[in-house]
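Everything below concerns the one structure shown next.
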Amino acid sequence: MKGMTIIVKTISSWVKMLIVLFGIYIILFGHLTPGGGFAGGVILASSYVLLMLAFGGEFVKKDLPLPLVSKLDCLGAFAFILIAILGLVFGGVFFANFLFEKYGQPLNLLSAGTIPLSNIAIGLKVGASLFLVIFSLSICCKGSQLDRK
Amino acid sequence: MTIFYILMIFIVIASLIAVETTDLLSAVICIGAMGFGVSLIFLFLRAPDIAITQIVVEVLGLIILIRATISRDLTFISGDKEFFGTVVSVAIIFVIFLAGLRVFETLPEFGTAIFTEAPNAASQTYISQGLDKTGAANLVTSVILDYRAYDTLGEATVLFTSIIGATVLLRRKTKNTPETLQPVSES
Amino acid sequence: MLYALCFLLFMIGLYCAVVKKNMVKIVVGILIMEYAVNLFLIMLGYRQGGVAPIIDKSHLESQAALNNFVSSSVDPLPQALVLTAIVISLGSLALMISICIRTYEKYGTFDITEIRRLRG
C-alpha cells in the first residue's frame with residue numbers, strides 16, 4: 001500500500017477538490033435540487049477514499065487524523081439532536097421547524113427554516129462515519145497481509 | 001414502459017450470474033452491474049434523489065466488497081454433499097413464489113400510484129401542502145427532515161451502531177500481537 | 001408483471017442466502033434482497049407520465065400549473081423511506097464484511113460447513 005504511479009497521484013489530487021466542491025453543493029442545495037445530506041455525505045467520504053486508494057493509508061492519516069474524524073461524526077449527531085431540542089424549546093414540538101417564519105421566501109438558498117441546517121448535520125455524520133469504517137477496513141487488510149508474510 | 005422491462009431483465013440476469021458463478025470476484029462485479037441498473041431504473045421512475053444516492057453508495061459498497069474478496073483464496077468447495085437439502089430449499093422457495101404471485105394480482109396496475117386509490121392518503125398532503133408548510137422545494141427532503149424527522153433520527157442511530165460494531169470488530173488487538181510481545185521477551 | 005419480476009429477484013436473493021455455503025455469497029444474497037425491496041417500494045409510487053416531486057419556478061407562476069403538478073407528481077413518501085434504507089444498507093454491508101474478514105483470519109476459509117467442522 002505505498003500508493004500508485006505518479007499519474008494517478010497527480011490526477012487524483014486535482015480531482016479531489018472538484019469532488020469535495022460537488023459534495024458541498026449537493027449538501028447545501030439539498031432542499032431545492034435533488035440530493036441532500038445522505039448523498040452529499042457519501043460523496044464527501046468518497047473523495048477521501050479516492051485519496052486513500054491513490055496515496056496509501058499513511059498519507060490520509062497525516063492529512064485527516066482519525067480522532068478528528070470521530071469528533072466530526074459525534075459533532076454531526078450532536079448538531080442534529082440540538083436542532084431537534086431547539087425546536088422543542090422554541091416551537092413547542094420536538095423537531096418543530098421554528099425558523100420557518102423568518103425566512104419565508106421559497107426557492108431561495110435561505111429558506112425552509114431548519115431543513116438546510118439538518119442537511120449539513122446529516123452530511124457531516126454520514127460522511128465521517130463512512131470514511132471511518134472504510135479506513136478501518138483498509139488498515140485491517142494491510143495488517144493481515146503483513147501477518148501472512 | 002419497455003425500458004423498465006429491459007432494465008429489469010438485465011438485473012435479473014446479472015443476479016443469476018452473481019449467484020451461480022464460482023469466482024467470488026465475478027460475483028462482486030455482477031453486484032456492481034446490478035446496482036448501476038437499479039440506479040438507472042430509479043432515474044426512469046422519476047426519483048432523482050434515490051438515483052444519486054444509489055450510484056454513490058454503490059461505488060463505496062463495491063470498494064468494501066472488493067477489499068474483502070481480493071487476495072483471499074478464491075476457490076470454494078462445491079456443495080455436492082448436501083444435494084437433498086438444496087432440493088428441499090429450492091422446492092420451498094418455489095412454492096412461496098407461486099403463492100406470492102397471487103398477492104400481486106390484487107395490486108393496482110403498474111403506472112397508477114397506489115396512494116391515489118386511498119381517499120385520505122398522507123402523500124396527498126405532502127404533495128399539495130409541502131411547500132406551504134415547510135418551505136422546501138424538494139418534497140423528498142421536506143418529508144425526511146420535517147414531516148418524518150424521527151425516521152432520520154432512527155436512521156442515524158442505526159448507522160452509528162453498525163459503524164461502531166464494524167470498527168470494534170476490525171480493531172487490531174494491541175495486547176496479543178507478536179510485535180508487541182517480542183520486545184518484552186527480548187528485554 | 002414488473003412487480004412479479006421484483007418478487008422473482010427477491011426469491012433469487014433468498015435462494016442465494018439459504019443454499020450457498022460461502023460467506024461472501026450469503027452477503028451477496030442479502031444485497032440482492034435489499035435491491036428487490038427498494039425497487040418494489042419505488043415502483044408502488046410511480047405514476048404514468050408523472051414528474052419528479054421537486055417544485056420548480058415554472059410551477060409557481062400560476063395556480064393552474066401548481067394544480068397540474070399536484071395531480072401529476074409521483075409519491076414522495078416511499079422515496080424518503082428508501083433513501084434512508086440505502087444508506088443503512090451500506091452500514092450493514094460494512095458490518096457483515098468485517099465479520100467475514102474476522103472469520104477468515106481465524107479459520108482461513110469462507111466456507112461455513114468447514115468452519116463448523118473446525119470448531120468441533
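Chain labels follow the order of the C-alpha cells: the first chain is A, the next B, and so on; residue numbering restarts at 1 in every chain, and ligands are counted from 1 in their shown order.
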Output the contact residues of chain C with respect to chain B at a cut-off of 7 Å, based on only C-alpha atoms, as a ChimeraX atom specification. /C:3-4,9,11,15-16,19,44-48,51-55,70,75-77,79-80,83-84,86,88,90-92,94-95,97-99,101
Could you give me, as JSON lines, every chain A residue with an atom at most 6 Å from chain B, plus its closest atom pair and distance in Å to one decimal, counting only C-alpha atoms, rows ordered by chain then number?
```
{"residue": "A:His31", "atom": "CA", "partner": "B:Asn138", "partner_atom": "CA", "distance": 5.2}
{"residue": "A:Leu32", "atom": "CA", "partner": "B:Ala137", "partner_atom": "CA", "distance": 5.0}
{"residue": "A:Pro34", "atom": "CA", "partner": "B:Asp49", "partner_atom": "CA", "distance": 4.9}
{"residue": "A:Gly35", "atom": "CA", "partner": "B:Asp49", "partner_atom": "CA", "distance": 5.2}
{"residue": "A:Ala39", "atom": "CA", "partner": "B:Thr53", "partner_atom": "CA", "distance": 4.7}
{"residue": "A:Pro106", "atom": "CA", "partner": "B:Gly135", "partner_atom": "CA", "distance": 5.6}
{"residue": "A:Ala112", "atom": "CA", "partner": "B:Gly135", "partner_atom": "CA", "distance": 4.2}
```
Give me the residues within 8 Å of range 69-73 of chain A as a ChimeraX atom specification, counting only C-alpha atoms and dropping any in the same chain fewer than 4 places off. /A:64-65,77,124-129,132
Those residues with C-alpha atoms, as a CSV table (one decimal), in the first residue's frame please?
```csv
chain,number,residue,atom,x,y,z
A,64,LEU,CA,-7.0,13.9,8.3
A,65,PRO,CA,-6.3,12.3,11.7
A,77,ALA,CA,-25.1,13.7,15.5
A,124,LEU,CA,-21.2,15.5,8.4
A,125,LYS,CA,-22.4,12.5,10.3
A,126,VAL,CA,-22.8,10.2,7.2
A,127,GLY,CA,-19.5,11.3,5.6
A,128,ALA,CA,-17.4,11.0,8.7
A,129,SER,CA,-18.8,7.6,9.8
A,132,LEU,CA,-14.1,5.9,9.4
```
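Coordinates place CA of Asn22 in chain C at a distance of 4.7 Å from CA of Asp111 in chain C.
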Test item, alpha helix (DSSP H) assignment across range 28-101 of chain A, answer as a ChimeraX atom specification: /A:28,37-55,57-63,66-91
How would the residues just picked look written out with C-alpha atoms as a tab-separated table (two decimals), in the first residue's frame?
```tsv
chain	number	residue	atom	x	y	z
A	28	LEU	CA	-26.20	22.99	0.65
A	37	GLY	CA	-27.40	15.19	3.36
A	38	PHE	CA	-27.18	11.48	2.64
A	39	ALA	CA	-25.88	11.70	-0.94
A	40	GLY	CA	-23.59	14.64	-0.19
A	41	GLY	CA	-22.09	12.93	2.85
A	42	VAL	CA	-21.30	9.81	0.87
A	43	ILE	CA	-19.68	11.97	-1.87
A	44	LEU	CA	-17.51	13.73	0.74
A	45	ALA	CA	-16.43	10.35	2.11
A	46	SER	CA	-15.64	9.05	-1.37
A	47	SER	CA	-13.26	11.95	-2.05
A	48	TYR	CA	-11.03	10.87	0.83
A	49	VAL	CA	-11.43	7.23	-0.17
A	50	LEU	CA	-10.03	8.21	-3.59
A	51	LEU	CA	-7.02	9.82	-1.86
A	52	MET	CA	-6.59	6.72	0.28
A	53	LEU	CA	-6.57	4.41	-2.75
A	54	ALA	CA	-4.12	6.61	-4.67
A	55	PHE	CA	-1.66	7.65	-1.96
A	57	GLY	CA	-3.34	4.94	4.14
A	58	GLU	CA	-0.48	6.74	5.86
A	59	PHE	CA	-0.84	9.90	3.78
A	60	VAL	CA	-4.53	10.23	4.56
A	61	LYS	CA	-3.86	9.53	8.21
A	62	LYS	CA	-1.49	12.51	8.26
A	63	ASP	CA	-3.88	14.68	6.28
A	66	LEU	CA	-8.65	9.70	12.94
A	67	PRO	CA	-9.61	11.41	16.25
A	68	LEU	CA	-10.70	14.43	14.20
A	69	VAL	CA	-12.92	12.20	12.06
A	70	SER	CA	-14.63	10.62	15.04
A	71	LYS	CA	-15.09	14.08	16.58
A	72	LEU	CA	-16.74	15.24	13.33
A	73	ASP	CA	-19.01	12.20	13.46
A	74	CYS	CA	-20.12	12.99	17.01
A	75	LEU	CA	-20.47	16.68	16.09
A	76	GLY	CA	-22.92	15.84	13.29
A	77	ALA	CA	-25.06	13.66	15.54
A	78	PHE	CA	-24.96	16.26	18.32
A	79	ALA	CA	-25.96	19.09	15.96
A	80	PHE	CA	-28.92	17.08	14.67
A	81	ILE	CA	-30.17	16.41	18.22
A	82	LEU	CA	-29.54	20.07	19.13
A	83	ILE	CA	-31.72	21.27	16.25
A	84	ALA	CA	-34.47	18.93	17.41
A	85	ILE	CA	-34.26	20.16	21.03
A	86	LEU	CA	-34.25	23.82	19.90
A	87	GLY	CA	-37.45	23.00	18.04
A	88	LEU	CA	-38.86	21.68	21.31
A	89	VAL	CA	-37.85	24.88	23.13
A	90	PHE	CA	-38.95	27.48	20.55
A	91	GLY	CA	-41.65	25.70	18.60
```
Atomic separation - CA of Gly37 in chain B relative to CA of Leu7 in chain B, Å: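 It comes out at 6.4 Å.
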Figure out the distance between CA of Met23 in chain C and CA of Phe110 in chain C, please, to one decimal in Å. 5.5 Å
Which residue, C:Lys57, C:Ser71, C:Gly108, C:Gly29, has the smallest gap to chain A when you use only C-alpha atoms? C:Lys57
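Distance annotation: of A:Ile115, A:Leu21, A:Leu107, A:Ile122, the residue with the minimal separation from chain C is A:Leu107; atom set is only C-alpha atoms.
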